[in-house]
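File shown here: target22.cif, holding mmCIF, C-alpha atoms.
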data_input
loop_
_atom_site.label_atom_id
_atom_site.label_comp_id
_atom_site.auth_asym_id
_atom_site.auth_seq_id
_atom_site.Cartn_x
_atom_site.Cartn_y
_atom_site.Cartn_z
CA MET A 1 -47.08 -7.54 27.12
CA GLU A 2 -47.69 -8.31 23.48
CA ASP A 3 -48.16 -4.64 22.56
CA PRO A 4 -44.63 -3.52 23.64
CA GLN A 5 -43.05 -6.40 21.73
CA ARG A 6 -44.88 -5.50 18.55
CA ALA A 7 -43.89 -1.88 18.89
CA ARG A 8 -40.31 -2.88 19.42
CA SER A 9 -40.22 -5.16 16.36
CA HIS A 10 -41.83 -2.42 14.28
CA THR A 11 -39.10 -0.01 15.39
CA VAL A 12 -36.37 -2.49 14.54
CA THR A 13 -37.88 -3.07 11.11
CA THR A 14 -38.08 0.66 10.45
CA THR A 15 -34.49 1.17 11.61
CA ALA A 16 -33.26 -1.73 9.51
CA SER A 17 -35.08 -0.53 6.41
CA SER A 18 -33.82 3.04 6.84
CA PHE A 19 -30.30 1.66 7.25
CA ALA A 20 -30.70 -0.33 4.04
CA GLU A 21 -31.98 2.76 2.22
CA ASN A 22 -29.07 4.86 3.45
CA PHE A 23 -26.59 2.13 2.60
CA SER A 24 -27.93 1.70 -0.91
CA THR A 25 -27.85 5.44 -1.61
CA SER A 26 -24.35 5.87 -0.21
CA SER A 27 -22.95 2.93 -2.17
CA SER A 28 -24.45 4.23 -5.40
CA SER A 29 -22.23 7.32 -5.12
CA PHE A 30 -19.15 5.12 -4.86
CA ALA A 31 -16.55 6.50 -7.26
CA TYR A 32 -14.09 4.37 -9.17
CA ASP A 33 -11.23 5.76 -11.22
CA ARG A 34 -10.43 3.21 -13.92
CA GLU A 35 -8.02 5.56 -15.67
CA PHE A 36 -5.66 5.81 -12.68
CA LEU A 37 -4.10 2.44 -13.44
CA ARG A 38 -3.24 3.69 -16.95
CA THR A 39 -1.18 6.61 -15.66
CA LEU A 40 2.53 6.30 -14.95
CA PRO A 41 2.09 6.78 -11.15
CA GLY A 42 -0.66 4.14 -11.20
CA LEU A 43 1.54 1.69 -13.09
CA LEU A 44 4.39 2.37 -10.67
CA ILE A 45 2.12 1.62 -7.70
CA VAL A 46 1.07 -1.69 -9.26
CA ALA A 47 4.75 -2.50 -9.91
CA GLU A 48 5.58 -1.59 -6.29
CA ILE A 49 2.90 -3.97 -5.07
CA VAL A 50 3.91 -6.87 -7.32
CA LEU A 51 7.67 -6.46 -6.84
CA GLY A 52 7.32 -5.73 -3.11
CA LEU A 53 5.30 -8.91 -2.74
CA LEU A 54 8.13 -10.81 -4.42
CA VAL A 55 10.68 -9.25 -2.06
CA TRP A 56 9.03 -10.32 1.13
CA THR A 57 7.74 -13.70 -0.06
CA LEU A 58 11.17 -14.69 -1.36
CA ILE A 59 12.65 -13.92 2.05
CA ALA A 60 9.73 -15.29 4.08
CA GLY A 61 10.01 -18.63 2.28
CA THR A 62 13.47 -19.14 3.75
CA GLU A 63 14.98 -19.39 7.20
CA TYR A 64 15.59 -15.64 7.25
CA PHE A 65 15.56 -15.43 11.05
CA ARG A 66 19.11 -16.84 11.04
CA VAL A 67 20.33 -13.55 9.54
CA PRO A 68 19.15 -10.60 11.66
CA ALA A 69 19.52 -8.13 8.78
CA PHE A 70 16.68 -9.82 6.93
CA GLY A 71 14.35 -8.81 9.77
CA TRP A 72 14.83 -5.18 8.71
CA VAL A 73 14.24 -6.06 5.06
CA MET A 74 11.06 -7.95 5.98
CA PHE A 75 9.79 -5.06 8.10
CA VAL A 76 10.32 -2.49 5.34
CA ALA A 77 8.94 -4.75 2.61
CA VAL A 78 5.77 -5.81 4.44
CA PHE A 79 5.12 -2.37 5.98
CA TYR A 80 5.34 -0.51 2.67
CA TRP A 81 3.54 -3.27 0.79
CA VAL A 82 0.51 -2.93 3.08
CA LEU A 83 0.57 0.88 2.90
CA THR A 84 0.97 0.84 -0.88
CA VAL A 85 -2.07 -1.43 -1.23
CA PHE A 86 -3.94 1.02 1.03
CA PHE A 87 -2.93 4.00 -1.12
CA LEU A 88 -3.88 2.14 -4.30
CA ILE A 89 -7.35 1.60 -2.87
CA VAL A 90 -7.52 5.29 -1.87
CA TYR A 91 -6.56 6.40 -5.38
CA ILE A 92 -8.78 3.94 -7.26
CA THR A 93 -11.84 4.67 -5.13
CA MET A 94 -11.07 8.43 -5.18
CA THR A 95 -11.38 8.56 -1.39
CA TYR A 96 -9.07 11.58 -1.41
CA THR A 97 -11.90 13.63 -2.93
CA ARG A 98 -14.16 12.79 0.03
CA ILE A 99 -11.57 13.79 2.65
CA PRO A 100 -10.36 17.23 1.52
CA GLN A 101 -8.98 18.07 4.99
CA VAL A 102 -6.02 15.77 4.37
CA PRO A 103 -3.22 17.36 2.29
CA TRP A 104 -2.98 14.34 -0.03
CA THR A 105 -0.13 15.70 -2.17
CA THR A 106 2.00 16.23 0.95
CA VAL A 107 1.02 12.81 2.33
CA GLY A 108 1.92 11.18 -1.00
CA LEU A 109 5.26 12.97 -1.13
CA CYS A 110 6.15 11.99 2.45
CA PHE A 111 5.02 8.39 1.91
CA ASN A 112 6.88 7.89 -1.37
CA GLY A 113 9.97 9.73 -0.14
CA SER A 114 10.19 7.67 3.05
CA ALA A 115 9.51 4.47 1.09
CA PHE A 116 12.34 5.33 -1.31
CA VAL A 117 14.85 6.02 1.48
CA LEU A 118 13.92 3.03 3.65
CA TYR A 119 13.65 0.64 0.69
CA LEU A 120 17.07 1.80 -0.51
CA SER A 121 18.53 1.00 2.90
CA ALA A 122 16.70 -2.35 2.97
CA ALA A 123 17.92 -3.21 -0.55
CA VAL A 124 21.52 -2.43 0.42
CA VAL A 125 21.19 -4.47 3.62
CA ASP A 126 19.58 -7.28 1.63
CA ALA A 127 22.34 -7.31 -0.99
CA SER A 128 25.13 -7.13 1.59
CA SER A 129 23.64 -10.00 3.60
CA VAL A 130 23.53 -12.42 0.68
CA SER A 131 26.46 -14.79 0.51
CA PRO A 132 26.64 -18.37 -0.74
CA GLU A 133 28.78 -19.41 2.22
CA ARG A 134 26.24 -18.31 4.82
CA ASP A 135 23.32 -20.54 3.84
CA SER A 136 23.68 -22.08 0.39
CA HIS A 137 20.16 -23.49 0.04
CA ASN A 138 18.63 -20.00 0.61
CA PHE A 139 21.11 -18.15 -1.62
CA ASN A 140 18.96 -17.96 -4.77
CA SER A 141 15.89 -16.67 -2.93
CA TRP A 142 17.90 -14.07 -1.06
CA ALA A 143 19.72 -12.94 -4.21
CA ALA A 144 16.43 -12.64 -6.08
CA SER A 145 14.86 -10.68 -3.23
CA SER A 146 17.81 -8.30 -3.32
CA PHE A 147 17.34 -7.73 -7.06
CA PHE A 148 13.61 -7.09 -6.66
CA ALA A 149 14.25 -4.80 -3.68
CA PHE A 150 16.35 -2.54 -5.91
CA LEU A 151 13.61 -2.59 -8.57
CA VAL A 152 11.02 -1.56 -5.96
CA THR A 153 13.38 1.20 -4.83
CA ILE A 154 13.49 2.54 -8.40
CA CYS A 155 9.68 2.46 -8.56
CA TYR A 156 9.38 4.40 -5.31
CA ALA A 157 11.96 6.89 -6.60
CA GLY A 158 9.80 7.44 -9.68
CA ASN A 159 6.67 7.92 -7.60
CA THR A 160 8.58 10.29 -5.31
CA TYR A 161 9.43 12.38 -8.36
CA PHE A 162 5.81 12.47 -9.54
CA SER A 163 4.61 13.24 -6.00
CA PHE A 164 7.11 16.10 -5.80
CA ILE A 165 5.89 17.55 -9.10
CA ALA A 166 2.26 17.35 -7.89
CA TRP A 167 3.18 18.84 -4.50
CA ARG A 168 5.16 21.69 -6.06
CA SER A 169 2.39 22.55 -8.52
CA ARG A 170 -0.11 22.55 -5.62
CA THR A 171 2.01 24.89 -3.46
CA ILE A 172 2.69 27.36 -6.31
CA GLN A 173 -1.02 27.96 -6.93
#
Render the structure in this file as structure tokens.
Amino acid sequence: MEDPQRARSHTVTTTASSFAENFSTSSSSFAYDREFLRTLPGLLIVAEIVLGLLVWTLIAGTEYFRVPAFGWVMFVAVFYWVLTVFFLIVYITMTYTRIPQVPWTTVGLCFNGSAFVLYLSAAVVDASSVSPERDSHNFNSWAASSFFAFLVTICYAGNTYFSFIAWRSRTIQ
């Protein structure tokens, strides 16, 4: 009985060491694009993340469930905040170079275009739902979230423009 156990532990050790070797070689080819954050689209993505975080935290810190329209604003803000963080990671780590099957310029255009349209609707809903008579102790947070929602909308409009330029230059070639 001792012989099969030794053989099994030897196999596990070999498998674990080959896994560690593969992991160390794959992580050494990990790309990182430091220059992306210095480009205008990179700066816009960072602004979208920071300002989007302000939008949904300013609303989440209040009793927003009393006004049903803020549910839509929260959905748009949190949904696009999470996806924008995901795309920032994709761009910084240059994952798009490892998955060439995905038409990244088209994906970026669709993402930024939809974010612009839905954030514009959320910003309008946010601004139209703010009134001092409705809930005076939440007024400042809601007004500030409305302001930041319009700023995020402008950022997504800018990134939509840059995505369109990249998409058009890709389709002309």
Counting only C-alpha atoms, which residues come within 8 Å of (-0.3, 13.1, -9.6), with the point read in the file's coordinates, and could you list them as a PDB file with C-alpha atoms, in the coordinates of the input?
ATOM      1  CA  PRO A  41       2.090   6.780 -11.150  1.00  0.00           C
ATOM      2  CA  THR A 105      -0.130  15.700  -2.170  1.00  0.00           C
ATOM      3  CA  PHE A 162       5.810  12.470  -9.540  1.00  0.00           C
ATOM      4  CA  SER A 163       4.610  13.240  -6.000  1.00  0.00           C
ATOM      5  CA  ILE A 165       5.890  17.550  -9.100  1.00  0.00           C
ATOM      6  CA  ALA A 166       2.260  17.350  -7.890  1.00  0.00           C
TER       7      ALA A 166
END
*So how many Å separate CA of Leu44 in chain A and CA of Ala157 in chain A, to one decimal?*
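The value is 9.7 Å.
The space separating CA of His137 in chain A from CA of Tyr64 in chain A comes to 11.6 Å.
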*asked:* Rounded to one decimal, what separation in Å do you get between CA of Leu88 in chain A and CA of Val46 in chain A?
replied: 8.0 Å
*Evaluate the PyMOL selection byres ((chain A and resi 104) around 12) and report residues as an NGL selection string*: :A and (87 or 90-91 or 94-103 or 105-112 or 163-164 or 166-167 or 170)
*Would you list the contacts of Leu54 in chain A as a VMD selection string, taking every protein, DNA or RNA residue within 12 Å and counting only C-alpha atoms, but skipping same-chain residues closer than 5 positions in sequence?*
chain A and resid 47 to 49 59 to 61 74 77 to 78 81 141 to 152
*For each of A:Phe116, A:Tyr80, A:Phe86, A:Phe65, take the minimum atom-to-atom distance to Asn138 in chain A, counting all atoms listed in the file, then give the residue where this is smallest.*
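Selected residue with least distance to Asn138 in chain A: A:Phe65.
Contact shell of range 129-133 of chain A at 7 Å (only C-alpha atoms; same-chain neighbours under 2 positions omitted): Ala69, Val125, Asp126, Ala127, Asp135, Ser136, Phe139, Trp142 and Ala143 of chain A.
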Those residues with C-alpha atoms, as a CSV table (one decimal), in the coordinates of the input please?
chain,number,residue,atom,x,y,z
A,69,ALA,CA,19.5,-8.1,8.8
A,125,VAL,CA,21.2,-4.5,3.6
A,126,ASP,CA,19.6,-7.3,1.6
A,127,ALA,CA,22.3,-7.3,-1.0
A,135,ASP,CA,23.3,-20.5,3.8
A,136,SER,CA,23.7,-22.1,0.4
A,139,PHE,CA,21.1,-18.2,-1.6
A,142,TRP,CA,17.9,-14.1,-1.1
A,143,ALA,CA,19.7,-12.9,-4.2
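Using all atoms listed in the file, the shortest contact distance between Thr84 in chain A and any of A:Tyr156, A:Trp56, A:Phe70, A:Tyr32 is found at A:Tyr156.
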Write out as JSON an axis-aligned box for range 54-60 of chain A: all of its atoms listed in the file, 8 Å added on each side, centre and edge lengths in Å with one decimal.
{"center_x": 10.2, "center_y": -12.3, "center_z": -0.2, "size_x": 20.9, "size_y": 22.0, "size_z": 24.5}
*Given the choices A:Leu83, A:Val55, A:Ala31, A:Thr153, which gets closest to Val117 in chain A if the distance is worked out from only C-alpha atoms?*
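For Val117 in chain A, the nearest of the given residues is A:Thr153.
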_Residue among A:Asn159, A:Leu58, A:Ser121, A:Ser114 lying closest to Gly42 in chain A, counting all atoms listed in the file_ =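 Result for the nearest residue to Gly42 in chain A: A:Asn159.
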